[in-house]
file model-v2.csv (CSV, N, CA and C atoms and all ligand atoms)
chain,number,residue,atom,x,y,z
A,1,MET,N,-44.4,79.8,-89.3
A,1,MET,CA,-43.8,78.5,-89.5
A,1,MET,C,-42.5,78.3,-88.6
A,2,GLU,N,-42.5,77.2,-87.9
A,2,GLU,CA,-41.3,76.9,-87.1
A,2,GLU,C,-40.2,76.4,-87.9
A,3,LEU,N,-39.1,77.0,-87.8
A,3,LEU,CA,-37.9,76.5,-88.6
A,3,LEU,C,-37.3,75.2,-87.9
A,4,LEU,N,-36.9,74.3,-88.8
A,4,LEU,CA,-36.4,73.1,-88.3
A,4,LEU,C,-35.0,73.2,-87.6
A,5,ARG,N,-34.8,72.5,-86.6
A,5,ARG,CA,-33.5,72.5,-86.0
A,5,ARG,C,-32.5,71.9,-86.9
A,6,THR,N,-31.3,72.4,-86.9
A,6,THR,CA,-30.2,71.8,-87.6
A,6,THR,C,-29.8,70.5,-87.0
A,7,HIS,N,-29.9,70.4,-85.6
A,7,HIS,CA,-29.6,69.2,-84.8
A,7,HIS,C,-30.5,69.1,-83.7
A,8,ASP,N,-31.1,67.9,-83.5
A,8,ASP,CA,-32.0,67.6,-82.4
A,8,ASP,C,-31.3,67.3,-81.1
A,9,THR,N,-30.1,66.7,-81.3
A,9,THR,CA,-29.4,66.2,-80.1
A,9,THR,C,-28.0,66.8,-80.2
A,10,CYS,N,-27.4,66.9,-79.0
A,10,CYS,CA,-26.0,67.3,-78.9
A,10,CYS,C,-25.1,66.4,-79.7
A,11,LEU,N,-24.2,66.9,-80.5
A,11,LEU,CA,-23.3,66.1,-81.3
A,11,LEU,C,-22.3,65.3,-80.4
A,12,ASN,N,-22.1,65.8,-79.2
A,12,ASN,CA,-21.1,65.2,-78.3
A,12,ASN,C,-21.8,64.1,-77.4
A,13,CYS,N,-22.9,64.5,-76.7
A,13,CYS,CA,-23.4,63.6,-75.7
A,13,CYS,C,-24.8,63.0,-76.0
A,14,ASP,N,-25.3,63.5,-77.2
A,14,ASP,CA,-26.6,62.9,-77.6
A,14,ASP,C,-27.8,63.4,-76.8
A,15,LYS,N,-27.7,64.3,-75.9
A,15,LYS,CA,-28.8,64.8,-75.1
A,15,LYS,C,-29.6,65.7,-76.0
A,16,LYS,N,-30.9,65.8,-75.7
A,16,LYS,CA,-31.8,66.6,-76.5
A,16,LYS,C,-31.5,68.1,-76.3
A,17,LEU,N,-31.5,68.8,-77.4
A,17,LEU,CA,-31.1,70.2,-77.4
A,17,LEU,C,-32.3,71.1,-77.3
A,18,ALA,N,-32.2,72.2,-76.5
A,18,ALA,CA,-33.2,73.2,-76.5
A,18,ALA,C,-32.6,74.5,-76.7
A,19,GLY,N,-33.4,75.5,-77.0
A,19,GLY,CA,-32.9,76.8,-77.2
A,19,GLY,C,-32.6,77.1,-78.7
A,20,ARG,N,-31.6,77.9,-79.0
A,20,ARG,CA,-31.4,78.3,-80.4
A,20,ARG,C,-31.4,77.1,-81.4
A,21,ARG,N,-32.0,77.3,-82.5
A,21,ARG,CA,-32.2,76.2,-83.4
A,21,ARG,C,-30.9,75.8,-84.1
A,22,ASP,N,-29.9,76.7,-84.1
A,22,ASP,CA,-28.7,76.3,-84.8
A,22,ASP,C,-27.6,75.7,-83.8
A,23,LYS,N,-28.1,75.5,-82.5
A,23,LYS,CA,-27.2,74.9,-81.5
A,23,LYS,C,-26.9,73.4,-81.9
A,24,LYS,N,-25.6,73.1,-81.7
A,24,LYS,CA,-25.2,71.7,-81.9
A,24,LYS,C,-24.7,71.0,-80.7
A,25,PHE,N,-24.5,71.8,-79.6
A,25,PHE,CA,-24.0,71.2,-78.4
A,25,PHE,C,-24.7,71.8,-77.2
A,26,CYS,N,-24.7,71.0,-76.1
A,26,CYS,CA,-25.4,71.5,-74.8
A,26,CYS,C,-24.7,72.8,-74.4
A,27,ASP,N,-23.4,72.7,-74.4
A,27,ASP,CA,-22.6,73.8,-73.8
A,27,ASP,C,-21.2,73.8,-74.4
A,28,ALA,N,-20.4,74.8,-73.9
A,28,ALA,CA,-19.1,74.9,-74.4
A,28,ALA,C,-18.2,73.7,-74.1
A,29,GLN,N,-18.5,73.1,-73.0
A,29,GLN,CA,-17.7,71.9,-72.6
A,29,GLN,C,-17.9,70.7,-73.6
A,30,CYS,N,-19.2,70.5,-74.0
A,30,CYS,CA,-19.5,69.5,-74.9
A,30,CYS,C,-18.9,69.8,-76.3
A,31,LYS,N,-18.9,71.1,-76.6
A,31,LYS,CA,-18.3,71.5,-77.9
A,31,LYS,C,-16.8,71.2,-77.9
A,32,ALA,N,-16.2,71.6,-76.8
A,32,ALA,CA,-14.7,71.4,-76.7
A,32,ALA,C,-14.4,69.9,-76.7
A,33,GLU,N,-15.2,69.1,-76.0
A,33,GLU,CA,-14.9,67.6,-76.0
A,33,GLU,C,-15.1,67.0,-77.4
A,34,TYR,N,-16.1,67.4,-78.0
A,34,TYR,CA,-16.4,66.9,-79.4
A,34,TYR,C,-15.2,67.2,-80.3
A,35,HIS,N,-14.8,68.4,-80.3
A,35,HIS,CA,-13.7,68.8,-81.2
A,35,HIS,C,-12.4,68.2,-80.8
A,36,ASN,N,-12.2,68.0,-79.5
A,36,ASN,CA,-10.9,67.3,-79.1
A,36,ASN,C,-11.0,65.8,-79.5
A,37,LYS,N,-12.1,65.2,-79.3
A,37,LYS,CA,-12.3,63.8,-79.7
A,37,LYS,C,-12.0,63.6,-81.2
A,38,ASN,N,-12.7,64.5,-82.0
A,38,ASN,CA,-12.6,64.4,-83.5
A,38,ASN,C,-11.1,64.7,-83.9
A,39,LYS,N,-10.5,65.6,-83.3
A,39,LYS,CA,-9.1,66.0,-83.6
A,39,LYS,C,-8.3,64.7,-83.3
A,40,SER,N,-8.5,64.1,-82.2
A,40,SER,CA,-7.6,63.0,-81.9
A,40,SER,C,-7.8,61.8,-82.8
A,41,PHE,N,-9.0,61.6,-83.2
A,41,PHE,CA,-9.3,60.5,-84.2
A,41,PHE,C,-8.5,60.8,-85.5
A,42,GLY,N,-8.6,62.0,-85.9
A,42,GLY,CA,-7.9,62.4,-87.1
A,42,GLY,C,-6.4,62.3,-87.0
A,43,GLU,N,-5.9,62.8,-85.9
A,43,GLU,CA,-4.5,62.8,-85.6
A,43,GLU,C,-4.0,61.4,-85.5
A,44,LEU,N,-4.8,60.5,-84.8
A,44,LEU,CA,-4.5,59.1,-84.7
A,44,LEU,C,-4.3,58.4,-86.0
A,45,TYR,N,-5.2,58.7,-86.9
A,45,TYR,CA,-5.1,58.1,-88.2
A,45,TYR,C,-3.9,58.6,-89.0
A,46,ILE,N,-3.7,59.9,-88.9
A,46,ILE,CA,-2.5,60.5,-89.6
A,46,ILE,C,-1.2,59.8,-89.1
A,47,SER,N,-1.1,59.7,-87.7
A,47,SER,CA,0.2,59.1,-87.2
A,47,SER,C,0.3,57.6,-87.5
A,48,SER,N,-0.9,56.9,-87.5
A,48,SER,CA,-0.7,55.5,-87.8
A,48,SER,C,-0.4,55.3,-89.3
A,49,SER,N,-1.0,56.1,-90.2
A,49,SER,CA,-0.6,55.9,-91.6
A,49,SER,C,0.8,56.3,-91.9
A,50,GLN,N,1.3,57.3,-91.1
A,50,GLN,CA,2.7,57.8,-91.3
A,50,GLN,C,3.6,56.7,-90.8
A,51,SER,N,3.3,56.0,-89.7
A,51,SER,CA,4.2,55.0,-89.2
A,51,SER,C,4.2,53.8,-90.1
A,52,ILE,N,3.1,53.5,-90.8
A,52,ILE,CA,3.1,52.4,-91.8
A,52,ILE,C,3.9,52.7,-93.0
A,53,THR,N,3.8,54.0,-93.4
A,53,THR,CA,4.6,54.4,-94.6
A,53,THR,C,6.1,54.4,-94.2
A,54,ARG,N,6.4,54.8,-93.0
A,54,ARG,CA,7.8,54.8,-92.5
A,54,ARG,C,8.3,53.4,-92.5
A,55,HIS,N,7.5,52.4,-92.0
A,55,HIS,CA,7.9,51.0,-92.0
A,55,HIS,C,8.1,50.6,-93.5
A,56,ASN,N,7.3,50.9,-94.4
A,56,ASN,CA,7.5,50.6,-95.8
A,56,ASN,C,8.8,51.2,-96.3
A,57,ARG,N,9.1,52.4,-95.9
A,57,ARG,CA,10.4,53.1,-96.3
A,57,ARG,C,11.6,52.3,-95.8
A,58,ARG,N,11.5,51.8,-94.5
A,58,ARG,CA,12.6,51.1,-93.9
A,58,ARG,C,12.9,49.8,-94.7
A,59,ILE,N,11.8,49.2,-95.1
A,59,ILE,CA,11.9,47.9,-95.9
A,59,ILE,C,12.6,48.2,-97.2
A,60,LEU,N,12.2,49.3,-97.9
A,60,LEU,CA,12.8,49.6,-99.2
A,60,LEU,C,14.2,50.0,-99.0
A,61,LYS,N,14.5,50.8,-98.0
A,61,LYS,CA,15.9,51.2,-97.7
A,61,LYS,C,16.8,50.0,-97.5
A,62,THR,N,16.3,49.1,-96.7
A,62,THR,CA,17.1,47.9,-96.4
A,62,THR,C,17.4,47.1,-97.7
A,63,LEU,N,16.4,47.0,-98.5
A,63,LEU,CA,16.6,46.2,-99.8
A,63,LEU,C,17.3,47.0,-100.9
A,64,CYS,N,17.5,48.2,-100.7
A,64,CYS,CA,18.0,49.1,-101.8
A,64,CYS,C,19.1,50.0,-101.3
A,65,PRO,N,20.3,49.4,-100.9
A,65,PRO,CA,21.4,50.2,-100.4
A,65,PRO,C,22.1,51.0,-101.4
A,66,GLU,N,22.0,50.6,-102.7
A,66,GLU,CA,22.8,51.2,-103.8
A,66,GLU,C,22.1,52.1,-104.7
A,67,GLY,N,20.9,52.5,-104.4
A,67,GLY,CA,20.2,53.4,-105.3
A,67,GLY,C,19.2,52.7,-106.2
A,68,LYS,N,19.4,51.5,-106.5
A,68,LYS,CA,18.5,50.7,-107.3
A,68,LYS,C,18.6,49.2,-107.0
A,69,ALA,N,17.5,48.6,-107.0
A,69,ALA,CA,17.5,47.1,-106.7
A,69,ALA,C,16.2,46.5,-107.3
A,70,THR,N,16.3,45.2,-107.6
A,70,THR,CA,15.1,44.4,-107.9
A,70,THR,C,14.9,43.2,-107.0
A,71,VAL,N,13.8,43.1,-106.4
A,71,VAL,CA,13.5,42.0,-105.5
A,71,VAL,C,12.2,41.3,-105.9
A,72,ARG,N,12.1,40.1,-105.5
A,72,ARG,CA,10.8,39.4,-105.7
A,72,ARG,C,9.8,40.0,-104.7
A,73,LYS,N,8.5,40.0,-105.2
A,73,LYS,CA,7.4,40.5,-104.4
A,73,LYS,C,7.3,39.9,-103.0
A,74,GLU,N,7.6,38.5,-103.0
A,74,GLU,CA,7.5,37.8,-101.7
A,74,GLU,C,8.4,38.4,-100.6
A,75,VAL,N,9.6,39.0,-101.1
A,75,VAL,CA,10.5,39.6,-100.1
A,75,VAL,C,9.8,40.7,-99.4
A,76,LEU,N,9.1,41.6,-100.2
A,76,LEU,CA,8.4,42.7,-99.5
A,76,LEU,C,7.2,42.1,-98.7
A,77,ASP,N,6.5,41.1,-99.2
A,77,ASP,CA,5.4,40.5,-98.4
A,77,ASP,C,5.9,40.0,-97.1
A,78,ASN,N,7.0,39.3,-97.1
A,78,ASN,CA,7.6,38.7,-95.9
A,78,ASN,C,8.1,39.7,-94.9
A,79,MET,N,8.5,40.9,-95.4
A,79,MET,CA,8.9,41.9,-94.5
A,79,MET,C,7.8,42.8,-94.0
A,80,GLY,N,6.5,42.4,-94.4
A,80,GLY,CA,5.4,43.1,-93.9
A,80,GLY,C,5.1,44.4,-94.7
A,81,TYR,N,5.4,44.5,-95.9
A,81,TYR,CA,5.1,45.7,-96.7
A,81,TYR,C,3.6,45.9,-96.8
A,82,ASP,N,3.1,47.1,-96.5
A,82,ASP,CA,1.7,47.4,-96.6
A,82,ASP,C,1.5,48.3,-97.9
A,83,TYR,N,1.0,47.7,-99.0
A,83,TYR,CA,0.9,48.4,-100.2
A,83,TYR,C,-0.2,49.4,-100.3
A,84,ARG,N,-1.1,49.4,-99.2
A,84,ARG,CA,-2.1,50.4,-99.2
A,84,ARG,C,-1.6,51.8,-98.8
A,85,TYR,N,-0.5,51.9,-98.3
A,85,TYR,CA,0.0,53.2,-97.8
A,85,TYR,C,1.3,53.6,-98.6
A,86,PHE,N,1.3,54.8,-99.1
A,86,PHE,CA,2.4,55.4,-99.7
A,86,PHE,C,2.3,56.9,-99.6
A,87,SER,N,3.5,57.6,-99.9
A,87,SER,CA,3.5,59.0,-99.6
A,87,SER,C,3.4,59.8,-100.9
A,88,GLY,N,3.4,59.1,-102.1
A,88,GLY,CA,3.3,59.8,-103.3
A,88,GLY,C,3.4,58.8,-104.5
A,89,LEU,N,3.2,59.3,-105.7
A,89,LEU,CA,3.3,58.5,-106.9
A,89,LEU,C,4.2,59.1,-107.9
A,90,TYR,N,4.9,58.2,-108.6
A,90,TYR,CA,5.7,58.7,-109.8
A,90,TYR,C,5.5,57.7,-110.9
A,91,LYS,N,5.2,58.3,-112.1
A,91,LYS,CA,4.9,57.5,-113.2
A,91,LYS,C,5.9,57.7,-114.4
A,92,THR,N,6.4,56.6,-114.9
A,92,THR,CA,7.1,56.7,-116.2
A,92,THR,C,6.3,56.0,-117.3
A,93,SER,N,6.8,56.0,-118.5
A,93,SER,CA,5.9,55.4,-119.5
A,93,SER,C,5.7,53.9,-119.3
A,94,ALA,N,6.7,53.3,-118.6
A,94,ALA,CA,6.6,51.9,-118.3
A,94,ALA,C,6.0,51.5,-117.0
A,95,ASN,N,6.3,52.3,-116.0
A,95,ASN,CA,6.0,51.9,-114.6
A,95,ASN,C,5.3,53.0,-113.7
A,96,LEU,N,4.6,52.5,-112.8
A,96,LEU,CA,4.0,53.4,-111.7
A,96,LEU,C,4.8,53.1,-110.4
A,97,TYR,N,5.4,54.1,-109.9
A,97,TYR,CA,6.2,54.0,-108.7
A,97,TYR,C,5.4,54.5,-107.5
A,98,TYR,N,5.4,53.7,-106.4
A,98,TYR,CA,4.8,54.1,-105.1
A,98,TYR,C,5.9,54.6,-104.2
A,99,LEU,N,5.8,55.8,-103.8
A,99,LEU,CA,6.8,56.4,-102.9
A,99,LEU,C,6.6,56.1,-101.5
A,100,ALA,N,7.7,55.8,-100.8
A,100,ALA,CA,7.7,55.8,-99.3
A,100,ALA,C,8.7,56.9,-98.9
A,101,TYR,N,8.3,58.1,-99.0
A,101,TYR,CA,9.2,59.3,-98.7
A,101,TYR,C,10.3,59.3,-99.7
A,102,ASP,N,11.6,59.0,-99.3
A,102,ASP,CA,12.7,59.1,-100.2
A,102,ASP,C,13.1,57.8,-100.9
A,103,TYR,N,12.2,56.8,-100.9
A,103,TYR,CA,12.3,55.6,-101.6
A,103,TYR,C,11.1,55.3,-102.4
A,104,ALA,N,11.2,54.5,-103.4
A,104,ALA,CA,10.0,54.1,-104.2
A,104,ALA,C,10.1,52.8,-104.8
A,105,PHE,N,9.0,52.1,-105.1
A,105,PHE,CA,9.1,50.9,-105.8
A,105,PHE,C,8.0,50.9,-106.9
A,106,ALA,N,8.3,50.1,-108.0
A,106,ALA,CA,7.3,49.9,-109.0
A,106,ALA,C,7.1,48.4,-109.1
A,107,PRO,N,5.8,47.9,-109.2
A,107,PRO,CA,5.6,46.5,-109.4
A,107,PRO,C,5.9,46.2,-110.8
A,108,ILE,N,6.7,45.1,-111.0
A,108,ILE,CA,7.1,44.7,-112.4
A,108,ILE,C,6.8,43.2,-112.5
A,109,PHE,N,6.8,42.8,-113.8
A,109,PHE,CA,6.6,41.3,-114.0
A,109,PHE,C,7.8,40.9,-114.9
A,110,GLU,N,8.7,40.1,-114.4
A,110,GLU,CA,9.9,39.8,-115.1
A,110,GLU,C,10.0,38.3,-115.2
A,111,ARG,N,10.1,37.8,-116.4
A,111,ARG,CA,10.2,36.3,-116.7
A,111,ARG,C,9.3,35.5,-115.8
A,112,GLY,N,8.0,35.9,-115.8
A,112,GLY,CA,7.0,35.1,-115.1
A,112,GLY,C,7.0,35.3,-113.6
A,113,VAL,N,7.8,36.3,-113.1
A,113,VAL,CA,7.8,36.5,-111.7
A,113,VAL,C,7.4,37.9,-111.3
A,114,GLU,N,6.6,38.0,-110.3
A,114,GLU,CA,6.2,39.4,-109.8
A,114,GLU,C,7.4,39.9,-108.9
A,115,LYS,N,7.8,41.1,-109.3
A,115,LYS,CA,9.0,41.7,-108.6
A,115,LYS,C,8.7,43.1,-108.3
A,116,ALA,N,9.6,43.7,-107.5
A,116,ALA,CA,9.5,45.1,-107.2
A,116,ALA,C,10.8,45.8,-107.6
A,117,LEU,N,10.7,46.8,-108.4
A,117,LEU,CA,11.9,47.6,-108.8
A,117,LEU,C,12.0,48.8,-107.9
A,118,ILE,N,13.0,48.7,-107.0
A,118,ILE,CA,13.2,49.7,-106.0
A,118,ILE,C,14.2,50.8,-106.4
A,119,VAL,N,13.8,52.0,-106.2
A,119,VAL,CA,14.8,53.1,-106.5
A,119,VAL,C,14.8,54.2,-105.3
A,120,GLN,N,15.8,54.9,-105.3
A,120,GLN,CA,15.8,56.0,-104.3
A,120,GLN,C,15.2,57.2,-105.0
A,121,ARG,N,14.4,58.0,-104.3
A,121,ARG,CA,13.7,59.1,-104.8
A,121,ARG,C,14.7,60.1,-105.5
A,122,GLN,N,14.4,60.7,-106.6
A,122,GLN,CA,15.2,61.7,-107.3
A,122,GLN,C,14.3,63.0,-107.4
A,123,ASP,N,15.0,64.1,-107.4
A,123,ASP,CA,14.3,65.4,-107.4
A,123,ASP,C,13.3,65.5,-108.6
A,124,TYR,N,13.7,64.9,-109.8
A,124,TYR,CA,12.8,65.1,-110.9
A,124,TYR,C,11.5,64.4,-110.7
A,125,MET,N,11.4,63.5,-109.7
A,125,MET,CA,10.1,62.9,-109.5
A,125,MET,C,9.1,63.9,-109.0
A,126,ASP,N,9.5,64.9,-108.4
A,126,ASP,CA,8.6,66.0,-107.9
A,126,ASP,C,8.1,66.8,-109.0
A,127,ARG,N,8.7,66.8,-110.1
A,127,ARG,CA,8.3,67.7,-111.2
A,127,ARG,C,7.3,67.1,-112.1
A,128,LEU,N,7.0,65.8,-111.8
A,128,LEU,CA,5.9,65.1,-112.6
A,128,LEU,C,4.6,65.7,-112.3
A,129,THR,N,3.8,65.9,-113.4
A,129,THR,CA,2.4,66.2,-113.2
A,129,THR,C,1.6,65.0,-113.6
A,130,LEU,N,0.9,64.5,-112.6
A,130,LEU,CA,0.0,63.3,-112.9
A,130,LEU,C,-1.3,63.7,-113.4
A,131,GLU,N,-1.6,63.2,-114.6
A,131,GLU,CA,-2.9,63.5,-115.2
A,131,GLU,C,-4.0,62.5,-114.8
A,132,ILE,N,-4.4,62.6,-113.5
A,132,ILE,CA,-5.2,61.6,-113.0
A,132,ILE,C,-6.7,61.6,-113.4
A,133,TRP,N,-7.1,62.8,-114.0
A,133,TRP,CA,-8.4,62.8,-114.6
A,133,TRP,C,-8.5,62.5,-116.1
A,134,LYS,N,-7.3,62.2,-116.6
A,134,LYS,CA,-7.2,61.9,-118.0
A,134,LYS,C,-8.0,60.7,-118.3
A,135,GLY,N,-8.9,60.7,-119.3
A,135,GLY,CA,-9.6,59.5,-119.7
A,135,GLY,C,-11.0,59.4,-119.0
A,136,LYS,N,-11.2,60.4,-118.1
A,136,LYS,CA,-12.5,60.3,-117.3
A,136,LYS,C,-13.6,61.0,-118.1
A,137,ARG,N,-13.3,61.8,-119.1
A,137,ARG,CA,-14.2,62.7,-119.8
A,137,ARG,C,-15.0,61.9,-120.8
A,138,SER,N,-14.4,61.0,-121.5
A,138,SER,CA,-15.0,60.3,-122.6
A,138,SER,C,-15.9,59.1,-122.1
B,1,ZN,ZN,-23.8,67.6,-74.8
call {"tool": "encode", "arguments": {"input": "model-v2.csv", "output": "structure tokens"}}
result
Amino acid sequence: MELLRTHDTCLNCDKKLAGRRDKKFCDAQCKAEYHNKNKSFGELYISSSQSITRHNRRILKTLCPEGKATVRKEVLDNMGYDYRYFSGLYKTSANLYYLAYDYAFAPIFERGVEKALIVQRQDYMDRLTLEIWKGKRS
């Protein structure tokens, strides 16, 4: 019985493969190209998400010069805050804080207005254990 190929075509250039059935690339050059391309896509995404998180941090830092501040959500929106990116989470009984490195904000609702409670990161925030699987079992 002929064993099935793991790949019919080169992962890099899509040319049909011949020879050893576990081959994935035509040659060493295709292999290297493929890995370089993949690495750079990954690295590209890492640096773009880092720069967005940095931008978020700059916004929080600007709005929070004294360690703690409350601003309307629109202020963050207008400065281009991207809520999809953050560097960590911190949870208290009342709020969930989204970190942007050494700053964090929690979305709050105060007297009918959406606001952000901004704080500077504290060391105790790193000691928190987030029970993110809690409640998934039942
Ligand atoms: Zn190839």
call {"tool": "atom_distance", "arguments": {"input": "model-v2.csv", "atom1": "atom CA of A:Gly80", "atom2": "atom CA of A:Ile52"}}
result
9.8 Å
call {"tool": "closest_atom_pairs", "arguments": {"input": "model-v2.csv", "of": "chain A", "to": "ligand ZN 1 (chain B)", "cutoff": "10 Å", "atoms": "only C-alpha atoms and all ligand atoms", "output": "CSV"}}
result
residue,atom,partner,partner_atom,distance
A:Thr9,CA,B:ZN1,ZN,7.8
A:Cys10,CA,B:ZN1,ZN,4.7
A:Leu11,CA,B:ZN1,ZN,6.7
A:Asn12,CA,B:ZN1,ZN,5.0
A:Cys13,CA,B:ZN1,ZN,4.1
A:Asp14,CA,B:ZN1,ZN,6.1
A:Lys15,CA,B:ZN1,ZN,5.7
A:Lys16,CA,B:ZN1,ZN,8.2
A:Leu17,CA,B:ZN1,ZN,8.2
A:Lys24,CA,B:ZN1,ZN,8.3
A:Phe25,CA,B:ZN1,ZN,5.1
A:Cys26,CA,B:ZN1,ZN,4.2
A:Asp27,CA,B:ZN1,ZN,6.4
A:Ala28,CA,B:ZN1,ZN,8.7
A:Gln29,CA,B:ZN1,ZN,7.8
A:Cys30,CA,B:ZN1,ZN,4.7
A:Lys31,CA,B:ZN1,ZN,7.4
A:Glu33,CA,B:ZN1,ZN,9.0
A:Tyr34,CA,B:ZN1,ZN,8.7
call {"tool": "closest_residue", "arguments": {"input": "model-v2.csv", "among": "A:Arg121, A:Ser87, A:Gly19, A:Thr129", "to": "A:Arg54", "atoms": "all atoms listed in the file"}}
result
A:Ser87
call {"tool": "atom_distance", "arguments": {"input": "model-v2.csv", "atom1": "atom CA of A:Asp126", "atom2": "atom CA of A:Phe86"}}
result
14.8 Å
call {"tool": "closest_residue", "arguments": {"input": "model-v2.csv", "among": "A:Asn56, A:Thr62, A:Thr92, A:Ser48", "to": "A:Met125", "atoms": "only C-alpha atoms"}}
result
A:Thr92
call {"tool": "closest_residue", "arguments": {"input": "model-v2.csv", "among": "A:His35, A:Phe105, A:Lys136, A:Arg111", "to": "A:Ile59", "atoms": "only C-alpha atoms"}}
result
A:Phe105
call {"tool": "atom_distance", "arguments": {"input": "model-v2.csv", "atom1": "atom N of A:Asn95", "atom2": "atom C of A:Ile118"}}
result
12.5 Å
call {"tool": "residues_around", "arguments": {"input": "model-v2.csv", "residues": "A:Lys73", "least_positions_apart": "4", "cutoff": "7 Å", "atoms": "all atoms listed in the file", "output": "list in words"}}
result
Asp77, Asn78, Val113, Glu114, Lys115 and Ala116 of chain A
call {"tool": "residues_around", "arguments": {"input": "model-v2.csv", "residues": "A:Asp102", "least_positions_apart": "4", "cutoff": "10 Å", "atoms": "only C-alpha atoms", "output": "PDB file with N, CA and C atoms, in the coordinates of the input"}}
result
ATOM      1  N   ARG A  57       9.100  52.400 -95.900  1.00  0.00           N
ATOM      2  CA  ARG A  57      10.400  53.100 -96.300  1.00  0.00           C
ATOM      3  C   ARG A  57      11.600  52.300 -95.800  1.00  0.00           C
ATOM      4  N   LEU A  60      12.200  49.300 -97.900  1.00  0.00           N
ATOM      5  CA  LEU A  60      12.800  49.600 -99.200  1.00  0.00           C
ATOM      6  C   LEU A  60      14.200  50.000 -99.000  1.00  0.00           C
ATOM      7  N   LYS A  61      14.500  50.800 -98.000  1.00  0.00           N
ATOM      8  CA  LYS A  61      15.900  51.200 -97.700  1.00  0.00           C
ATOM      9  C   LYS A  61      16.800  50.000 -97.500  1.00  0.00           C
ATOM     10  N   SER A  87       3.500  57.600 -99.900  1.00  0.00           N
ATOM     11  CA  SER A  87       3.500  59.000 -99.600  1.00  0.00           C
ATOM     12  C   SER A  87       3.400  59.800-100.900  1.00  0.00           C
ATOM     13  N   GLY A  88       3.400  59.100-102.100  1.00  0.00           N
ATOM     14  CA  GLY A  88       3.300  59.800-103.300  1.00  0.00           C
ATOM     15  C   GLY A  88       3.400  58.800-104.500  1.00  0.00           C
ATOM     16  N   VAL A 119      13.800  52.000-106.200  1.00  0.00           N
ATOM     17  CA  VAL A 119      14.800  53.100-106.500  1.00  0.00           C
ATOM     18  C   VAL A 119      14.800  54.200-105.300  1.00  0.00           C
ATOM     19  N   GLN A 120      15.800  54.900-105.300  1.00  0.00           N
ATOM     20  CA  GLN A 120      15.800  56.000-104.300  1.00  0.00           C
ATOM     21  C   GLN A 120      15.200  57.200-105.000  1.00  0.00           C
ATOM     22  N   ARG A 121      14.400  58.000-104.300  1.00  0.00           N
ATOM     23  CA  ARG A 121      13.700  59.100-104.800  1.00  0.00           C
ATOM     24  C   ARG A 121      14.700  60.100-105.500  1.00  0.00           C
ATOM     25  N   GLN A 122      14.400  60.700-106.600  1.00  0.00           N
ATOM     26  CA  GLN A 122      15.200  61.700-107.300  1.00  0.00           C
ATOM     27  C   GLN A 122      14.300  63.000-107.400  1.00  0.00           C
ATOM     28  N   ASP A 123      15.000  64.100-107.400  1.00  0.00           N
ATOM     29  CA  ASP A 123      14.300  65.400-107.400  1.00  0.00           C
ATOM     30  C   ASP A 123      13.300  65.500-108.600  1.00  0.00           C
TER      31      ASP A 123
END
call {"tool": "select_by_dssp", "arguments": {"input": "model-v2.csv", "residues": "stretch 3-134 of chain A", "states": "helix (DSSP H, G or I)", "output": "number ranges by chain"}}
result
A: 28-63, 73-78, 123-127
call {"tool": "select_by_dssp", "arguments": {"input": "model-v2.csv", "residues": "stretch 3-137 of chain A", "states": "strand (DSSP E or B)", "output": "ChimeraX atom specification"}}
result
/A:9,16,68-72,88-91,96-100,103-110,113-120
